[in-house]
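Everything below belongs to target-v2.txt, which stores compact mmCIF, C-alpha atoms.
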# COMPACT_ATOMS: atom_id res chain seq x y z
CA MET A 1 -28.58 148.02 5.70
CA THR A 2 -30.80 147.20 8.68
CA ASP A 3 -29.52 148.47 12.03
CA LEU A 4 -30.65 146.15 14.82
CA LEU A 5 -28.68 147.84 17.60
CA TYR A 6 -30.14 150.36 20.03
CA SER A 7 -28.77 153.89 19.92
CA GLU A 8 -27.77 155.80 23.07
CA GLU A 9 -30.93 157.90 22.73
CA GLU A 10 -33.08 154.77 22.51
CA GLU A 11 -31.47 153.29 25.62
CA ALA A 12 -32.01 156.58 27.47
CA LEU A 13 -35.66 156.52 26.38
CA ARG A 14 -35.97 152.94 27.63
CA ALA A 15 -34.56 153.85 31.04
CA ALA A 16 -36.92 156.81 31.40
CA VAL A 17 -40.00 154.79 30.41
CA ARG A 18 -39.02 151.89 32.71
CA ASP A 19 -38.61 154.28 35.65
CA LEU A 20 -41.98 155.85 34.98
CA LEU A 21 -43.72 152.48 34.69
CA GLY A 22 -42.02 151.35 37.88
CA ASP A 23 -43.87 154.15 39.65
CA HIS A 24 -47.23 153.70 37.93
CA CYS A 25 -47.54 150.12 36.68
CA ASP A 26 -46.13 147.77 39.31
CA ALA A 27 -47.68 144.29 39.13
CA ALA A 28 -50.02 144.79 42.12
CA SER A 29 -51.44 148.00 40.64
CA VAL A 30 -51.98 146.48 37.20
CA LEU A 31 -53.71 143.46 38.74
CA ALA A 32 -55.96 145.59 40.95
CA ARG A 33 -56.91 147.76 37.99
CA ALA A 34 -57.60 144.73 35.78
CA GLU A 35 -60.11 143.48 38.35
CA SER A 36 -61.94 146.82 38.41
CA ASP A 37 -64.49 148.32 36.03
CA ALA A 38 -61.85 150.78 34.75
CA PRO A 39 -58.85 148.72 33.56
CA HIS A 40 -57.10 151.59 31.79
CA ASP A 41 -54.52 153.51 33.83
CA ARG A 42 -55.28 157.16 33.14
CA ALA A 43 -52.51 158.38 35.45
CA ALA A 44 -49.87 156.32 33.65
CA TRP A 45 -51.18 157.51 30.27
CA LYS A 46 -51.02 161.13 31.41
CA ALA A 47 -47.45 160.66 32.64
CA LEU A 48 -46.39 159.04 29.37
CA THR A 49 -48.04 161.69 27.21
CA ASP A 50 -48.06 164.96 29.15
CA GLY A 51 -44.83 164.28 30.97
CA MET A 52 -42.80 162.65 28.19
CA GLY A 53 -44.65 163.46 24.97
CA LEU A 54 -44.64 159.83 23.88
CA ALA A 55 -48.06 159.90 22.18
CA GLY A 56 -46.54 162.06 19.46
CA LEU A 57 -43.43 160.03 18.64
CA LEU A 58 -44.65 159.26 15.12
CA VAL A 59 -46.14 162.71 14.51
CA PRO A 60 -44.06 165.40 12.72
CA GLU A 61 -42.77 168.26 14.88
CA GLU A 62 -44.74 170.89 12.95
CA LEU A 63 -47.94 169.17 14.14
CA GLY A 64 -46.89 169.15 17.78
CA GLY A 65 -45.30 165.71 17.75
CA GLN A 66 -41.78 164.49 18.42
CA GLY A 67 -40.87 163.72 14.81
CA ALA A 68 -39.24 160.46 15.90
CA SER A 69 -39.50 157.09 14.17
CA HIS A 70 -40.89 153.60 14.65
CA ARG A 71 -37.61 152.60 16.29
CA GLU A 72 -38.28 154.84 19.27
CA ALA A 73 -41.93 153.77 19.42
CA ALA A 74 -40.72 150.15 19.45
CA VAL A 75 -38.54 150.81 22.51
CA VAL A 76 -41.53 152.30 24.33
CA LEU A 77 -43.64 149.27 23.43
CA GLU A 78 -40.97 146.88 24.71
CA GLU A 79 -41.22 148.53 28.12
CA LEU A 80 -45.02 148.65 28.02
CA GLY A 81 -44.97 144.95 27.19
CA ARG A 82 -42.67 144.18 30.12
CA ALA A 83 -45.07 145.91 32.49
CA VAL A 84 -48.25 144.67 30.71
CA ALA A 85 -49.22 148.33 31.05
CA PRO A 86 -52.97 149.00 30.64
CA VAL A 87 -52.58 152.08 28.44
CA PRO A 88 -53.87 152.61 24.86
CA TYR A 89 -50.43 153.34 23.41
CA LEU A 90 -50.41 150.80 20.58
CA THR A 91 -54.01 151.52 19.60
CA SER A 92 -53.87 155.33 19.77
CA ALA A 93 -50.24 156.48 19.41
CA VAL A 94 -49.43 153.89 16.72
CA VAL A 95 -52.44 152.44 14.91
CA ALA A 96 -54.85 155.41 14.98
CA THR A 97 -51.96 157.84 14.44
CA GLU A 98 -50.74 155.92 11.37
CA ALA A 99 -54.25 155.96 9.90
CA LEU A 100 -54.40 159.74 10.35
CA LEU A 101 -50.94 160.16 8.82
CA ALA A 102 -52.18 158.30 5.74
CA CYS A 103 -55.17 160.66 5.55
CA GLY A 104 -53.27 163.87 6.24
CA ALA A 105 -55.69 164.75 9.05
CA ASP A 106 -53.38 167.31 10.63
CA GLU A 107 -55.75 168.79 13.19
CA LEU A 108 -56.73 165.44 14.65
CA LEU A 109 -53.10 164.26 14.52
CA ALA A 110 -52.07 167.20 16.70
CA GLU A 111 -54.78 166.28 19.23
CA LEU A 112 -53.61 162.66 19.40
CA ALA A 113 -49.97 163.76 19.63
CA SER A 114 -50.75 165.72 22.80
CA GLY A 115 -52.22 162.60 24.41
CA ARG A 116 -55.24 164.56 25.62
CA THR A 117 -57.31 162.93 22.88
CA ILE A 118 -57.24 159.14 22.57
CA GLY A 119 -58.03 157.62 19.19
CA ALA A 120 -59.02 154.11 18.18
CA LEU A 121 -59.31 152.57 14.72
CA ALA A 122 -62.71 150.86 14.61
CA VAL A 123 -61.37 147.65 13.07
CA GLY A 124 -61.31 144.36 14.97
CA LEU A 125 -58.03 143.73 16.79
CA HIS A 126 -57.70 140.38 15.01
CA ARG A 127 -57.59 141.85 11.48
CA ALA A 128 -54.31 141.32 9.64
CA PRO A 129 -52.75 143.95 7.37
CA GLY A 130 -54.23 143.58 3.91
CA ALA A 131 -57.21 141.54 5.09
CA ALA A 132 -60.77 142.58 4.37
CA PHE A 133 -62.45 144.50 7.18
CA PRO A 134 -66.11 145.31 7.94
CA ALA A 135 -67.46 148.79 7.19
CA VAL A 136 -70.57 150.67 8.24
CA ARG A 137 -73.39 152.03 6.05
CA VAL A 138 -73.72 155.68 5.13
CA GLU A 139 -77.32 156.90 4.87
CA ASP A 140 -78.14 160.60 4.43
CA GLY A 141 -74.68 161.50 5.67
CA LEU A 142 -75.06 159.49 8.91
CA LEU A 143 -73.30 156.25 9.86
CA HIS A 144 -75.12 153.03 10.76
CA GLY A 145 -73.72 149.64 11.72
CA GLU A 146 -71.86 147.55 14.27
CA LEU A 147 -68.16 146.75 14.56
CA THR A 148 -66.82 144.14 16.97
CA GLY A 149 -63.51 143.41 18.67
CA VAL A 150 -62.34 147.04 18.72
CA ALA A 151 -59.45 147.34 21.18
CA ASP A 152 -59.47 150.20 23.71
CA ALA A 153 -62.75 151.56 22.32
CA ALA A 154 -63.99 152.11 25.87
CA VAL A 155 -61.34 154.74 26.54
CA ALA A 156 -61.25 156.40 23.10
CA ASP A 157 -62.39 159.99 22.60
CA VAL A 158 -62.58 159.64 18.81
CA LEU A 159 -63.13 156.56 16.66
CA LEU A 160 -61.85 156.21 13.10
CA VAL A 161 -64.63 154.32 11.34
CA PRO A 162 -64.38 152.76 7.84
CA ALA A 163 -67.55 153.11 5.77
CA GLU A 164 -68.94 151.28 2.74
CA ASP A 165 -68.48 154.37 0.58
CA GLY A 166 -64.71 153.87 0.90
CA GLY A 167 -64.18 156.69 3.35
CA LEU A 168 -62.65 156.79 6.81
CA TYR A 169 -64.74 158.86 9.21
CA ALA A 170 -63.79 160.50 12.51
CA VAL A 171 -66.64 159.94 14.97
CA GLU A 172 -66.83 161.36 18.48
CA ALA A 173 -67.08 158.65 21.14
CA ASP A 174 -70.24 160.12 22.67
CA ALA A 175 -72.03 159.60 19.32
CA VAL A 176 -71.68 155.80 19.48
CA THR A 177 -72.59 153.00 21.87
CA VAL A 178 -69.60 151.05 23.22
CA THR A 179 -70.39 147.66 24.77
CA PRO A 180 -67.54 145.75 26.45
CA GLN A 181 -66.88 142.22 25.22
CA VAL A 182 -65.39 139.43 27.30
CA SER A 183 -61.63 139.79 26.89
CA LEU A 184 -58.98 137.22 27.77
CA ASP A 185 -56.49 140.06 28.21
CA LEU A 186 -57.97 142.23 30.97
CA THR A 187 -55.38 144.96 30.33
CA ARG A 188 -56.40 145.57 26.70
CA PRO A 189 -60.18 145.19 26.62
CA VAL A 190 -62.11 144.94 23.39
CA ALA A 191 -65.63 146.19 22.74
CA THR A 192 -68.47 146.32 20.24
CA VAL A 193 -69.07 149.74 18.69
CA ARG A 194 -72.60 150.45 17.52
CA LEU A 195 -73.48 153.44 15.34
CA ASP A 196 -77.16 154.40 15.05
CA GLY A 197 -77.19 157.48 12.85
CA ALA A 198 -73.89 158.81 14.15
CA GLU A 199 -72.39 161.94 12.64
CA GLY A 200 -68.91 161.55 11.23
CA ARG A 201 -66.38 163.69 9.42
CA ARG A 202 -64.76 162.08 6.39
CA ILE A 203 -60.99 162.44 6.75
CA GLY A 204 -59.70 160.25 3.92
CA ASP A 205 -59.85 156.92 2.10
CA ALA A 206 -60.30 153.92 4.37
CA ASP A 207 -58.43 151.20 2.48
CA PRO A 208 -54.90 152.69 2.34
CA ALA A 209 -55.27 154.20 5.82
CA VAL A 210 -56.38 150.94 7.46
CA ARG A 211 -53.75 148.93 5.59
CA ARG A 212 -50.97 151.31 6.73
CA ALA A 213 -52.28 151.41 10.30
CA LEU A 214 -52.55 147.63 10.66
CA ARG A 215 -49.10 147.09 9.16
CA ALA A 216 -47.54 149.45 11.70
CA GLY A 217 -49.59 147.86 14.47
CA ALA A 218 -48.44 144.36 13.52
CA GLY A 219 -44.81 145.40 13.13
CA LEU A 220 -44.59 147.22 16.46
CA LEU A 221 -46.67 144.61 18.27
CA ALA A 222 -43.60 142.37 17.87
CA SER A 223 -41.70 144.76 20.16
CA GLU A 224 -44.44 144.49 22.79
CA GLN A 225 -44.23 140.69 22.49
CA LEU A 226 -40.46 140.96 22.86
CA GLY A 227 -40.91 142.93 26.09
CA LEU A 228 -43.31 140.29 27.41
CA ALA A 229 -40.99 137.41 26.52
CA ASP A 230 -37.92 139.15 27.93
CA TRP A 231 -39.69 139.85 31.23
CA ALA A 232 -40.89 136.23 31.46
CA LEU A 233 -37.37 134.89 30.84
CA THR A 234 -35.65 137.32 33.22
CA GLU A 235 -38.13 136.73 36.05
CA THR A 236 -37.96 132.96 35.63
CA VAL A 237 -34.15 132.91 35.73
CA ARG A 238 -34.20 135.12 38.84
CA TYR A 239 -36.75 132.89 40.59
CA LEU A 240 -34.92 129.65 39.77
CA LYS A 241 -31.71 131.05 41.25
CA GLU A 242 -33.50 131.78 44.54
CA ARG A 243 -35.86 128.79 44.82
CA LYS A 244 -34.22 125.80 46.51
CA GLN A 245 -35.11 122.14 46.26
CA PHE A 246 -33.08 119.28 47.80
CA ASN A 247 -30.89 121.98 49.35
CA ARG A 248 -29.76 123.43 46.02
CA PRO A 249 -31.09 126.13 43.65
CA VAL A 250 -33.71 124.75 41.29
CA GLY A 251 -31.97 126.52 38.42
CA SER A 252 -28.92 124.30 38.86
CA PHE A 253 -30.78 121.26 37.49
CA GLN A 254 -29.58 120.43 33.99
CA ALA A 255 -33.02 119.88 32.47
CA LEU A 256 -34.12 123.37 33.49
CA LYS A 257 -30.89 124.91 32.21
CA HIS A 258 -31.61 123.39 28.79
CA ARG A 259 -35.15 124.78 28.74
CA LEU A 260 -33.96 128.25 29.72
CA ALA A 261 -31.11 128.19 27.22
CA GLN A 262 -33.53 127.29 24.41
CA LEU A 263 -35.90 130.05 25.50
CA TRP A 264 -33.04 132.56 25.64
CA LEU A 265 -32.12 131.74 22.04
CA GLU A 266 -35.70 132.24 20.92
CA VAL A 267 -35.96 135.59 22.72
CA VAL A 268 -32.70 136.75 21.10
CA ASN A 269 -34.07 135.79 17.68
CA LEU A 270 -37.33 137.58 18.47
CA ARG A 271 -35.36 140.72 19.37
CA ALA A 272 -33.67 140.63 15.96
CA ALA A 273 -36.99 140.14 14.15
CA ALA A 274 -38.75 142.89 16.12
CA ARG A 275 -35.90 145.36 15.63
CA ALA A 276 -35.78 144.59 11.92
CA ALA A 277 -39.52 145.29 11.63
CA ALA A 278 -39.21 148.59 13.51
CA ASP A 279 -36.25 149.66 11.40
CA ALA A 280 -38.03 148.71 8.16
CA LEU A 281 -41.12 150.69 9.16
CA ALA A 282 -38.88 153.66 9.97
CA THR A 283 -37.02 153.54 6.65
CA GLY A 284 -39.80 152.14 4.45
CA GLU A 285 -37.48 149.48 3.01
CA ASP A 286 -39.07 146.02 2.65
CA ALA A 287 -41.47 146.86 5.46
CA ASP A 288 -44.12 144.34 4.39
CA VAL A 289 -41.62 141.48 4.45
CA ALA A 290 -40.01 142.53 7.74
CA VAL A 291 -43.40 142.88 9.47
CA ALA A 292 -44.59 139.48 8.20
CA VAL A 293 -41.36 137.81 9.37
CA ALA A 294 -41.57 139.42 12.81
CA GLN A 295 -45.20 138.47 13.39
CA ALA A 296 -44.76 134.94 12.02
CA TYR A 297 -42.08 134.43 14.70
CA ALA A 298 -43.17 136.64 17.61
CA ALA A 299 -46.45 135.13 18.75
CA PRO A 300 -45.28 131.54 19.40
CA VAL A 301 -42.17 132.75 21.25
CA ALA A 302 -44.05 135.19 23.50
CA VAL A 303 -46.66 132.57 24.38
CA ARG A 304 -44.03 129.91 25.05
CA ALA A 305 -42.00 132.28 27.23
CA ALA A 306 -45.08 133.07 29.31
CA GLU A 307 -46.06 129.40 29.56
CA GLU A 308 -42.54 128.41 30.65
CA ALA A 309 -42.56 131.20 33.24
CA LEU A 310 -45.89 129.98 34.60
CA GLN A 311 -44.74 126.36 34.84
CA LEU A 312 -41.24 127.01 36.15
CA HIS A 313 -42.54 129.27 38.90
CA GLY A 314 -44.25 126.16 40.29
CA GLY A 315 -47.15 126.60 42.71
CA ILE A 316 -46.72 130.36 43.13
CA GLY A 317 -46.96 130.83 39.35
CA MET A 318 -50.46 129.33 39.38
CA THR A 319 -51.82 131.89 41.83
CA TRP A 320 -53.87 134.94 40.89
CA GLU A 321 -51.58 137.18 42.95
CA HIS A 322 -48.50 136.44 40.81
CA PRO A 323 -48.32 138.66 37.69
CA VAL A 324 -47.30 135.87 35.31
CA HIS A 325 -50.93 135.19 34.36
CA LEU A 326 -51.26 138.79 33.14
CA CYS A 327 -48.24 138.18 30.93
CA LEU A 328 -49.65 134.91 29.58
CA LYS A 329 -53.06 136.42 28.82
CA ARG A 330 -51.50 139.38 27.00
CA ALA A 331 -49.23 137.01 25.04
CA LYS A 332 -52.19 134.81 24.05
CA ALA A 333 -54.30 137.81 23.04
CA ASP A 334 -51.37 139.30 21.12
CA SER A 335 -50.96 136.02 19.23
CA ILE A 336 -54.14 136.76 17.26
CA ALA A 337 -53.83 140.55 17.23
CA TYR A 338 -53.24 142.11 13.79
CA GLY A 339 -53.19 138.64 12.24
CA THR A 340 -52.12 135.20 13.45
CA ALA A 341 -48.65 133.81 12.85
CA GLY A 342 -50.17 131.56 10.18
CA ALA A 343 -51.73 134.51 8.37
CA HIS A 344 -48.39 136.31 8.34
CA ARG A 345 -46.59 133.19 7.07
CA SER A 346 -49.05 133.02 4.18
CA ALA A 347 -48.56 136.71 3.46
CA LEU A 348 -44.79 136.25 3.58
CA ALA A 349 -44.97 133.37 1.12
CA GLU A 350 -46.70 135.60 -1.41
CA LEU A 351 -44.36 138.51 -0.81
CA VAL A 352 -41.23 136.44 -1.50
CA ASP A 353 -42.87 134.26 -4.17
CA LEU A 354 -42.67 130.96 -2.30
CA GLN A 355 -45.38 128.36 -2.00
CA ALA A 356 -47.00 128.53 1.44
CA PRO A 357 -47.04 125.29 3.49
Would you encode the structure as structure tokens?
Amino acid sequence: MTDLLYSEEEEALRAAVRDLLGDHCDAASVLARAESDAPHDRAAWKALTDGMGLAGLLVPEELGGQGASHREAAVVLEELGRAVAPVPYLTSAVVATEALLACGADELLAELASGRTIGALAVGLHRAPGAAFPAVRVEDGLLHGELTGVADAAVADVLLVPAEDGGLYAVEADAVTVTPQVSLDLTRPVATVRLDGAEGRRIGDADPAVRRALRAGAGLLASEQLGLADWALTETVRYLKERKQFNRPVGSFQALKHRLAQLWLEVVNLRAAARAAADALATGEDADVAVAVAQAYAAPVAVRAAEEALQLHGGIGMTWEHPVHLCLKRAKADSIAYGTAGAHRSALAELVDLQAP
């Protein structure tokens, strides 16, 4: 039976992560960093990994990890989503880590678990679980090719590169050329990775590793989208209680109450879907179905929550200084990450043997 409730330990983890992000990732700091040439917050990453050991949540204890589950990782991602934190947690501590778990690459897993090494799966951020993905050529034991749309490649120390021979190769970042691409979401930049005769170490088979990694990424992305949507709803309600028009709080107008009530219902439903996906990934029961359901629902809700927040904040919401645009850009970018809602609906239709619309 799926357990959608948070345990005491998960709530304690949430409180600790929120406190830490309050110190490192306030809106002004995130915005200033997004406008710079170095959008990733190394100090926040170090605090999350060195200080709290969160990079190793999914890694067994015997390899230096925490031996926790996807449920705990989901709580962390909720808080990272709320703060739109510019750290490579989803890409390194979830997606790259899951690929290594599938390969049994213990040494590299231990390095990622410590947080001192950042990993990135060299597959475009838009690829859905189970979808075909580009691979590079292997000639005389060296890797050649170009891969686009790789999230957080600019900050990665090691890239996990799928090759045409069916293998997944670990490639040091200094052996490749990383060229930033224009990203809508300034807090999770994507890049093109070019390999011109790069040396790589084969660590396992690419297909099962990439499939497992993208499934976990899609399933836990729903928790990040939940954090975004919850922040947008909470901040909008708070603002509408304070903002006055015609000598009364704007939030007292019936039309706005209806919009907020509808949004609240959608966020509650998103919480259930995201928690179900995290629990299914943790237990391995019906994980494919739970992930497809969560992602089919999450993207539209997160985008709508951010759009409502932008509009209902009025003039101030349209300014660059207000953090709501960071939330909207992350929500829009997330809506195509690890597969669109439409792709997940089609996958779900096959999984449950129903005709897709």
Which residues come within 12 Å of stretch 35-40 of chain A, counting all atoms listed in the file, excluding same-chain residues fewer than 2 positions away, as an MDAnalysis selection string?
chainID A and resid 24:25 28:33 42:46 84:89 118 151:156 180 183 185:190 320:321 326
Atom pair atom CA of A:Gly81 / atom CA of A:Thr192: separation (Å)
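Interatomic distance, atom CA of A:Gly81 to atom CA of A:Thr192: 24.5 Å.
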Which residues come within 8 Å of A:Ala341, counting only C-alpha atoms, excluding same-chain residues fewer than 6 positions away, as a VMD selection string?
chain A and resid 295 to 300 335
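The spacing separating atom CA of A:Thr340 from atom CA of A:Arg127 amounts to 8.8 Å.
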Using only C-alpha atoms and a cutoff of 8 Å, can you tell me which residues are near (-49.9, 156.9, 6.9) in the file's coordinates, and write them out as a PyMOL selection string?
chain A and resi 97-104+208-209+212-213
At a cut-off of 8 Å, using only C-alpha atoms, what residues contact A:Ala175? Leave out same-chain residues fewer than 4 positions from it and give the result as a list in words.
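Near A:Ala175, the qualifying residues are Val171, Leu195, Ala198 and Glu199 of chain A.
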